[in-house]
Amino acid sequence: MFESKQAALRSTGETKPMLLGVQANGILEGRLLVMTLEQRYRNSSNANTEITYTFPLPYGAVLMEVEVTLNGQVLKGEVTARTVARERYEEAISDGNSGIMLEKNLDGSFTLELGNLMAQEECCILIRYSQVLATIHGQIRLMLPTTIAPRYGDAISDGGFQPHQVPVTDLRAEYPFDITLTLLGELASADVASPSHKTSYSRAGNGLVIRLSQNGYLDRDFILVVSSLKNTSDALLCNDACVEGQAALLVAFSPSFPSQVAHTMSAKVLVDCSGSMAGDSISAARRALNGIVAALGSEDRFSLSSFGSTVQHRSAVMWNGTLQAKASAKRWIDKLNANMGGTEMEEALTSTIALAKGVSSDILLITDGEIHAIDKVIEVAIKANHRVFVVAIGASPAESHLRRLASSTGGCCDFVAPGENVEPAVLRMSARMHSPLATDVRVEWPTSYAMRWQQPVPDFLFASETLNLFAFLDAPAKSDEPISISLWGRLDGFDQEVQLAQAVVSLCASHDNTLARMTAYEQCQSQIGQECKIAKTEKRSPNEVLAMQYRLITQDTNFILVHPRSDEEKALEMPSAHRVSQMMPAGWGGSSFVMSGGLLTSPILGVVTGATISQNFMRNLLVAVGSSSLWRTNRSSSNSVPAMDIPDFLRMASQPTSKPKKAPVFRERDKKNTLYWVKDSSSQTHGNEYSYCGITPAGLAHWLNVNDKLLWPESYLDLERLGLGLAIREWLEFELGVDHPESTVVHTFLMILKAAMFDHDDDQEQSKNAFQVVADTAGPKSNGVAINSDLAMQIGTALQTATARSWPDTLVMFPQVI
Amino acid sequence: MDHPPQQFTLNELCVLADLPVRTLRYYVQTGLVDRPQGETRAARYGARHLEQLLLIKKWTAAGLSLERVSEILQGDAPPVPLRPRKAGSMEVCSHLCVADGLEVVIEPGRAGMSPEQVRAFARGVMVLHASITTADSAQDTAVE
């Protein structure tokens, strides 16, 4: 009988780590990145072990090669159908031999299974992938994820993982990571910076070599930003070594639109305030949101919502981008916290889409994307016909999930790392959402080209953002004439279609048939989910056949290697399981603060690191704690309480005032009396879309009548505690409070209200004439506080249409202008 | 004459339980399912293994985590005390803010609650709090 009674795997706490580290080496030339990841393993136990490691790769990465070195011996495997690979692997384990298998998961991650690694044996897995990067507004962003953050939801039923593949996080896990990148061609002389790591730069021939200048770990995305690039279109053509007479083509269009008036933006903003956003992520989210709101024009429209386990809407309708609305939005944003629990994104999206029905708008989603059930979210977004623009936040956001969500709806995804300057991402996102739409987009292929397969063109395009398209065609005859491929589309305000980009074709030689293999990968991806008529005699799907032909690891094929052991070396029992835990992403859930790459000048290295720190706060902290890039704290983000929220009874105890020491008489608010209090917001609607919940004019007037003036509220916060609705308080603060001190505004408002005599049972009778009210109230001094007659007149006029039970529509709907 | 207890190979057991081989091996490796008689190709499983697998399927289909299922499978013993969380283990908890100064922490996996149940619980707590605070303020009302 086995000893263990627990279901969990024994992990880093009880055995030494078996993943020793990851070394990455990459070459970036033009837009093509070729990256090699070397994962080193060692069975530190005394028994044969099966190591399982689920790891991420960048979105759009195409696995080209897997090489295994076992105890110094280089072994070659092959790509085969998934079911066949699994059978061979299980047979190997049953026979006591070693097996290595690599499988692609539904979320785009990969799981490596290293079965029957014998005691104290070492194994090195080398994974090479290629990726075509996009130039966006003259910038390339290279991202290499290194860890999978904890995700909300069930990994098996929502995420599609098998039990042994489920990524688990262990706070004690720590694996070294190192990277060396070489930039060639024009990239070697571009501006380069890393917001995620401290890096050093040196020249090697015509290339620029980037290395880490401090120990790295598998705890955050590695990010390199190459900027000041020209937006150009080009096309590469290579012969396909797998299929005679076929060529592969990669066209990179950089569309430009003719000068047009920017469209107004209409966006429903939805912010992730779940627990995983605590710490660095929610700070970055606030900065990004404040930037987006600040950039709004007066004609732009927006709404604000936040979600976690539930969803909360700041407004049920879209606001115009007025100064008052932006001030109200900033107030709401600054109060955002990662305290709303889980990440029920599907429900939140559904609820947000339902806002302002009939108004065509986009969704701007700010999130780290750490959920398993992303497919359901994508379904909702597609059905709703809303473009989803995503600002992905965090040290390790779920890139694959969020890019899929954005691209499937015609939107776009941008990324902000902890400590990274958010303004560029904000400006890009704002530009996209204001951008006119290019529709009916089509590619005009040269007439001499006989196309065999071409990647579908997306429905929407954004100016200055590269569109990469792959295609197979009959290998064309050589031509001395330059051949170009054009991109056309329709723009608002133009009767005819417009040429958006033109790319000239260059012939090239492809190492390892890379271009053709990447094209085949895109073909596989585009064919997923399509109905394929397979003859009954066929055992394999077209995607399987294509993937095996080009040695691609896809949803249908695995990499498998079986290493037979001699009889003496064979395993005699089922291997023990060791699942490589994920490192906790830096800054995740408020567990730590990520210091950005930093600005350091090292006389020894003779180079300047390129990362920037966006806030004085972070800069001061960097100086205070030295050059460490990670500052771990014990504090819980939920324990931070701003000073303004100290309860009154504490404040009164510590701040002696001249007022009599009476406890606040909040008990005087009669919440059961519907004349004084609106409990259920649905019972009082304004303009069919606005609702009010809180103290009524009569309720407030009654309270003022029964309480000494010395106890009257003096601040907007006091009014909040008394139950005055948010919209009315913000009207006082952002409309009237611009030109008058807070205490004056509050006092005048209360005096006017008291003088208007709402405190009676007739809920239909309106207040006294505003001018009469002001006349009763105004005077050189009232209770020792001067009443400004202009202010009093403004307030009196605004309250003109109030009744005992109901505030005026104009106030309840603030900041929306009626 | 007594029939010898039926025995199955790994593959046969997988077919009976309708589970992938890899998953079944994972359950054995992690102790959810007892180890077989014999090893590698000679490994044989019996009715008890099949019963364990069917119970695991039932409870995981109900939305329970494998850790929770493990506790249930051990349920024949005297009341199993709540297993303390392992040092260094991570979990994602929901923090339901009921009111200023009042918070409920939920880890659905350990609580054995589905997302629908968590939402229903959250709504119930909010309603309860609202009714309690409304009742208190009504008692405290002293209209002059």
# chains A, B, ... in the order shown; residues from 1 in each chain; ligands from 1
$ select_by_dssp --residues "range 285-339 of chain A" --states "strand (DSSP E or B)" --output "MDAnalysis selection string"
chainID A and resid 301:307 311:313 319:320
$ residues_around --residues "Ala99 in chain B" --least-positions-apart "4" --cutoff "12 Å" --atoms "only C-alpha atoms" --output "number ranges by chain"
A: 339; B: 95, 103-104, 125-130, 133
$ residues_around --residues "range 447-452 of chain A" --least-positions-apart "5" --cutoff "9 Å" --atoms "only C-alpha atoms" --output "VMD selection string"
chain A and resid 246 471 to 477
$ interface_residues --of "chain B" --to "chain A" --cutoff "6 Å" --atoms "only C-alpha atoms" --output "ChimeraX atom specification"
/B:29-32,39-41,67,70,88-89,94-96,140-142
$ closest_residue --among "A:Trp445, A:Tyr175, A:Phe161, A:Phe559" --to "Val22 in chain A" --atoms "only C-alpha atoms"
A:Tyr175
$ closest_residue --among "A:Leu19, A:Ala354, A:Ala327, A:Ile282" --to "Leu296 in chain A" --atoms "only C-alpha atoms"
A:Ala327
$ select_by_dssp --residues "range 295-493 of chain A" --states "alpha helix (DSSP H)" --output "JSON, numbers by chain"
{"A": [323, 324, 325, 326, 327, 328, 329, 330, 331, 332, 333, 334, 345, 346, 347, 348, 349, 350, 351, 352, 353, 374, 375, 376, 377, 378, 379, 380, 381, 382, 383, 384, 399, 400, 401, 402, 403, 404, 405, 406, 407, 408, 423, 424, 425, 426, 427, 428, 429, 430, 431, 432, 433, 434]}
$ residues_around --residues "range 255-259 of chain A" --least-positions-apart "3" --cutoff "10 Å" --atoms "only C-alpha atoms" --output "ChimeraX atom specification"
/A:231-233,252,262,435-438,461-467,487-489,491,494,498-502
$ atom_distance --atom1 "CA of Arg551 in chain A" --atom2 "CA of Arg517 in chain A"
7.9 Å
$ atom_distance --atom1 "CA of Ser526 in chain A" --atom2 "CA of Arg128 in chain A"
22.6 Å
$ residues_around --residues "range 42-50 of chain B" --least-positions-apart "3" --cutoff "9 Å" --atoms "only C-alpha atoms" --output "list in words"
Ser94 and Glu573 of chain A; Pro5, Gln6, Gln7, Phe8, Thr9, Leu10, Leu13, Cys14, Leu16, Ala17, Val33, Asp34, Arg35, Pro36, Gln37, Gly38, Glu39, Leu53, Leu54 and Leu55 of chain B
$ residues_around --residues "Ile72 in chain B" --least-positions-apart "6" --cutoff "10 Å" --atoms "only C-alpha atoms" --output "list of chain:residue names"
B:Leu55, B:Ile56, B:Trp59, B:Leu66, B:Val80
